[in-house]
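**Student:** One structure, pasted below without further comment.
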Amino acid sequence: MDVSLRPNAPIDIWNPDWNDPFDPTVEAGDEFAELVAAVRAVQEAFTRSRPDPAAAAGIAGTLRSVAQRLEELEVGEDDQIAGHRWDLAGRGQALAPPLHIDAVTETTARGRVTVGRFHAGRYAMNGGVTPLIFDEIMARLANDSGRPWARTAYLNVNFRAPAPLDVELRVEAEYLRQDGRKRFMRGTMYHGDVLVADADGLWVELKPEQTLNISEGGDV
Ligand SMILES: CCCCCCCC(=O)SCCNC(=O)CCNC(=O)[C@H](O)C(C)(C)COP(=O)(O)OP(=O)(O)OC[C@H]1O[C@@H](n2cnc3c(N)ncnc32)[C@H](O)[C@@H]1OP(=O)(O)O
């Protein structure tokens with residue numbers, strides 16, 4: 001883990017320890033985890049608020065200066081921490097809902113997620129957020145167990161019941177079968193015993209000439 005936090009050190013995109021059970025407590029001294037939690041708190045508090053014009057102007061100024069400070073610390077995508085911290089909910093990527101992946105085997109993955117109003121449509125999870133959660137856990141499973149990188153080719157989501165806010169939802173993924181470069185996956189999301197959504201997805205293994213970093217000019 002320390003490797004992710006050392007300034008200017010290359011970040012292992014795949015942390016061999018990520019398979020360990022997730023520890024939901026932010027460790028003391030894990031300043032990056034605290035920063036992600038703070039960004040998420042801003043998103044949620046902003047969504048829940050109704051500031052008057054003076055308050056809005058003041059807060060906007062404060063946030064602009066925060067953005068400016070972070071812009072001074074900009075690095076390339078391979079070196080950023082957000083999205084690369086496999087031990088944090090949503091990999092420390094603040095757009096992704098805070099999905100905690102608790103266990104992954106060669107053929108299954110299991111996690112849990114609680115979303116607030118920031119990720120809401122109207123009184124329930126936004127219909128665009130559900131696929132984000134499925135993509136996260138199904139991609140994690142598709143690319144687990146030393147399998148070469150694969151990208152999502154399709155992700156078909158069925159919304160079976162409104163997914164409530166502020167309660168823990170159970171998310172599961174299953175590796176159904178492989179056919180050459182194609183990996184077929186299934187995902188389910190439950191609130192208690194109620195199936196709120198399920199998904200079928202196809203991940204296609206990248207060919208040697210295809211690269212994850214498309215800006216490097218790989219054949220995509
Ligand atoms: C854990 C976190 C992991 C993070 C990894 C990062 C993952 C991502 O960034 S995913 C982001 C969203 N996804 C993308 O951006 C993918 C964009 N699409 C692509 O790059 C390509 O279309 C890709 C790689 C999926 C497939 O392209 P390509 O390698 O040329 O496939 P191609 O050779 O035509 O097809 C292979 C097989 O898949 C099938 N296939 C491909 N796409 C589809 C599709 N959408 N629907 C059904 N079948 C498909 C083909 O029919 C073919 O089947 P068969 O072998 O039986 O003839």
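Chain labels follow the order of the structure tokens: the first chain is A, the next B, and so on; residue numbering restarts at 1 in every chain, and ligands are counted from 1 in their shown order.
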Taking only C-alpha atoms and all ligand atoms into account, report as a list in words which residues have an atom no farther than 6 Å from an atom of ligand 1.

**Tutor:**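 Protein and nucleic-acid residues within 6 Å of ligand 1: Ala139, Arg140, Arg151, Thr152, Ala153, Tyr154, Lys182, Val204, Leu206 and Val220 of chain A.
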
**Student:** May I have the residues within 10 Å of Thr105 in chain A as a list in words, using only C-alpha atoms and disregarding those fewer than 3 positions away in the same chain?

**Tutor:**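 Contacts, with the query itself left out: Asn19, Thr108, Ala109, Arg110, Leu141, Asp144, Ser145, Glu174 and Tyr175 of chain A.
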
**Student:** Quick one: pick out all strand (DSSP E) residues within range 6-217 of chain A from a backbone DSSP run and write them as JSON, numbers by chain.

**Tutor:** {"A": [100, 101, 102, 103, 104, 108, 109, 110, 111, 112, 113, 150, 151, 152, 153, 154, 155, 156, 157, 158, 159, 169, 170, 171, 172, 173, 174, 175, 176, 177, 178, 179, 182, 183, 184, 185, 186, 187, 188, 189, 190, 191, 194, 195, 196, 197, 198, 199, 200, 201, 202, 203, 204, 205]}

**Student:** Please, could you write that set of residues out with N, CA and C atoms as a short mmCIF file (atom, residue, chain, number, x, y, z; two decimals), in the first residue's frame?

**Tutor:**
```
data_model
loop_
_atom_site.label_atom_id
_atom_site.label_comp_id
_atom_site.auth_asym_id
_atom_site.auth_seq_id
_atom_site.Cartn_x
_atom_site.Cartn_y
_atom_site.Cartn_z
N HIS A 100 -17.77 -1.39 -1.68
CA HIS A 100 -16.77 -2.17 -0.92
C HIS A 100 -16.79 -3.58 -1.47
N ILE A 101 -15.70 -4.03 -2.05
CA ILE A 101 -15.64 -5.41 -2.53
C ILE A 101 -15.02 -6.25 -1.42
N ASP A 102 -15.82 -7.16 -0.90
CA ASP A 102 -15.39 -7.91 0.28
C ASP A 102 -14.66 -9.20 -0.07
N ALA A 103 -15.05 -9.83 -1.17
CA ALA A 103 -14.44 -11.12 -1.49
C ALA A 103 -14.49 -11.36 -2.99
N VAL A 104 -13.43 -11.93 -3.49
CA VAL A 104 -13.39 -12.31 -4.91
C VAL A 104 -12.76 -13.70 -4.99
N THR A 108 -16.48 -15.73 -8.62
CA THR A 108 -17.50 -14.89 -7.97
C THR A 108 -16.86 -13.67 -7.33
N ALA A 109 -17.68 -12.64 -7.16
CA ALA A 109 -17.25 -11.47 -6.38
C ALA A 109 -18.45 -11.00 -5.58
N ARG A 110 -18.17 -10.48 -4.40
CA ARG A 110 -19.24 -10.07 -3.51
C ARG A 110 -18.87 -8.73 -2.90
N GLY A 111 -19.86 -7.80 -2.88
CA GLY A 111 -19.58 -6.50 -2.30
C GLY A 111 -20.84 -5.87 -1.75
N ARG A 112 -20.69 -4.63 -1.29
CA ARG A 112 -21.84 -3.92 -0.73
C ARG A 112 -21.64 -2.44 -0.98
N VAL A 113 -22.76 -1.75 -1.12
CA VAL A 113 -22.68 -0.33 -1.43
C VAL A 113 -23.86 0.39 -0.80
N ALA A 150 -9.20 -7.25 -20.01
CA ALA A 150 -10.35 -7.28 -20.90
C ALA A 150 -11.15 -6.01 -20.67
N ARG A 151 -11.84 -5.58 -21.73
CA ARG A 151 -12.69 -4.39 -21.60
C ARG A 151 -14.15 -4.79 -21.75
N THR A 152 -15.01 -3.95 -21.15
CA THR A 152 -16.45 -4.16 -21.25
C THR A 152 -16.90 -3.97 -22.69
N ALA A 153 -17.52 -4.98 -23.27
CA ALA A 153 -18.08 -4.84 -24.62
C ALA A 153 -19.56 -4.46 -24.53
N TYR A 154 -20.29 -5.12 -23.63
CA TYR A 154 -21.66 -4.66 -23.35
C TYR A 154 -22.00 -4.93 -21.90
N LEU A 155 -22.97 -4.16 -21.43
CA LEU A 155 -23.46 -4.33 -20.06
C LEU A 155 -24.95 -4.01 -20.10
N ASN A 156 -25.76 -5.05 -20.05
CA ASN A 156 -27.22 -4.87 -20.11
C ASN A 156 -27.80 -4.97 -18.72
N VAL A 157 -28.45 -3.90 -18.29
CA VAL A 157 -28.94 -3.83 -16.91
C VAL A 157 -30.47 -3.85 -16.89
N ASN A 158 -31.02 -4.68 -16.04
CA ASN A 158 -32.47 -4.70 -15.79
C ASN A 158 -32.73 -4.10 -14.42
N PHE A 159 -33.63 -3.11 -14.38
CA PHE A 159 -34.00 -2.48 -13.12
C PHE A 159 -35.27 -3.15 -12.62
N LEU A 169 -26.79 -2.11 0.15
CA LEU A 169 -27.24 -3.03 -0.90
C LEU A 169 -26.14 -4.06 -1.12
N ARG A 170 -26.55 -5.27 -1.41
CA ARG A 170 -25.59 -6.36 -1.66
C ARG A 170 -25.39 -6.49 -3.16
N VAL A 171 -24.14 -6.59 -3.58
CA VAL A 171 -23.86 -6.69 -5.01
C VAL A 171 -23.01 -7.94 -5.24
N GLU A 172 -23.41 -8.71 -6.24
CA GLU A 172 -22.67 -9.94 -6.51
C GLU A 172 -22.38 -10.05 -8.00
N ALA A 173 -21.28 -10.71 -8.31
CA ALA A 173 -20.95 -10.96 -9.72
C ALA A 173 -20.57 -12.42 -9.87
N GLU A 174 -20.89 -12.93 -11.04
CA GLU A 174 -20.58 -14.34 -11.31
C GLU A 174 -19.95 -14.45 -12.69
N TYR A 175 -18.89 -15.23 -12.76
CA TYR A 175 -18.20 -15.49 -14.03
C TYR A 175 -18.90 -16.69 -14.65
N LEU A 176 -19.68 -16.45 -15.69
CA LEU A 176 -20.52 -17.53 -16.23
C LEU A 176 -19.72 -18.50 -17.10
N ARG A 177 -19.02 -17.93 -18.09
CA ARG A 177 -18.27 -18.82 -18.98
C ARG A 177 -17.32 -18.00 -19.85
N GLN A 178 -16.40 -18.72 -20.46
CA GLN A 178 -15.44 -18.09 -21.36
C GLN A 178 -15.55 -18.76 -22.72
N ASP A 179 -15.45 -17.93 -23.77
CA ASP A 179 -15.50 -18.48 -25.14
C ASP A 179 -14.42 -17.72 -25.91
N LYS A 182 -13.82 -14.04 -25.16
CA LYS A 182 -15.04 -13.48 -24.58
C LYS A 182 -15.30 -14.05 -23.18
N ARG A 183 -15.57 -13.16 -22.25
CA ARG A 183 -15.87 -13.58 -20.87
C ARG A 183 -17.27 -13.09 -20.52
N PHE A 184 -18.16 -14.02 -20.25
CA PHE A 184 -19.55 -13.69 -19.98
C PHE A 184 -19.78 -13.63 -18.47
N MET A 185 -20.38 -12.53 -18.04
CA MET A 185 -20.53 -12.26 -16.61
C MET A 185 -21.99 -11.95 -16.30
N ARG A 186 -22.34 -12.19 -15.03
CA ARG A 186 -23.67 -11.80 -14.57
C ARG A 186 -23.53 -11.06 -13.25
N GLY A 187 -24.39 -10.06 -13.05
CA GLY A 187 -24.36 -9.31 -11.79
C GLY A 187 -25.75 -9.22 -11.19
N THR A 188 -25.80 -9.16 -9.86
CA THR A 188 -27.09 -8.98 -9.18
C THR A 188 -26.91 -7.98 -8.05
N MET A 189 -27.99 -7.25 -7.76
CA MET A 189 -27.98 -6.28 -6.66
C MET A 189 -29.25 -6.49 -5.83
N TYR A 190 -29.05 -6.64 -4.53
CA TYR A 190 -30.18 -6.94 -3.63
C TYR A 190 -30.30 -5.91 -2.53
N HIS A 191 -31.55 -5.59 -2.18
CA HIS A 191 -31.83 -4.90 -0.93
C HIS A 191 -32.53 -5.93 -0.05
N VAL A 194 -34.78 -8.56 -1.70
CA VAL A 194 -35.40 -8.03 -2.92
C VAL A 194 -34.33 -7.79 -3.99
N LEU A 195 -34.53 -8.41 -5.14
CA LEU A 195 -33.62 -8.17 -6.26
C LEU A 195 -33.97 -6.81 -6.85
N VAL A 196 -33.06 -5.85 -6.75
CA VAL A 196 -33.37 -4.52 -7.30
C VAL A 196 -32.85 -4.35 -8.73
N ALA A 197 -31.79 -5.10 -9.09
CA ALA A 197 -31.28 -5.01 -10.46
C ALA A 197 -30.43 -6.23 -10.76
N ASP A 198 -30.37 -6.58 -12.04
CA ASP A 198 -29.41 -7.60 -12.47
C ASP A 198 -28.83 -7.17 -13.80
N ALA A 199 -27.74 -7.81 -14.17
CA ALA A 199 -27.02 -7.37 -15.37
C ALA A 199 -26.33 -8.54 -16.04
N ASP A 200 -26.29 -8.50 -17.36
CA ASP A 200 -25.48 -9.43 -18.14
C ASP A 200 -24.41 -8.61 -18.82
N GLY A 201 -23.21 -9.12 -18.80
CA GLY A 201 -22.13 -8.36 -19.42
C GLY A 201 -21.16 -9.24 -20.16
N LEU A 202 -20.54 -8.63 -21.17
CA LEU A 202 -19.48 -9.31 -21.92
C LEU A 202 -18.20 -8.50 -21.80
N TRP A 203 -17.14 -9.18 -21.41
CA TRP A 203 -15.80 -8.57 -21.40
C TRP A 203 -14.98 -9.28 -22.46
N VAL A 204 -14.28 -8.50 -23.28
CA VAL A 204 -13.48 -9.08 -24.36
C VAL A 204 -12.00 -8.82 -24.06
N GLU A 205 -11.26 -9.92 -24.06
CA GLU A 205 -9.82 -9.83 -23.77
C GLU A 205 -9.13 -9.02 -24.86
#
```

**Student:** Identify, on the basis of only C-alpha atoms, every residue whose closest approach to Arg40 in chain A does not exceed 7 Å; exclude the query and any residue fewer than 4 positions from it along the same chain; express the result as number ranges by chain.

**Tutor:** A: 36, 44, 94

**Student:** Kindly give the distance, in Å, that separates CA of Asp78 in chain A and CA of Trp149 in chain A, rounded to a single decimal.

**Tutor:** 15.7 Å

**Student:** Please report the interatomic distance between CA of Met125 in chain A and CA of Pro162 in chain A in Å with one decimal.

**Tutor:**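 CA of Pro162 in chain A lies 7.1 Å from CA of Met125 in chain A.
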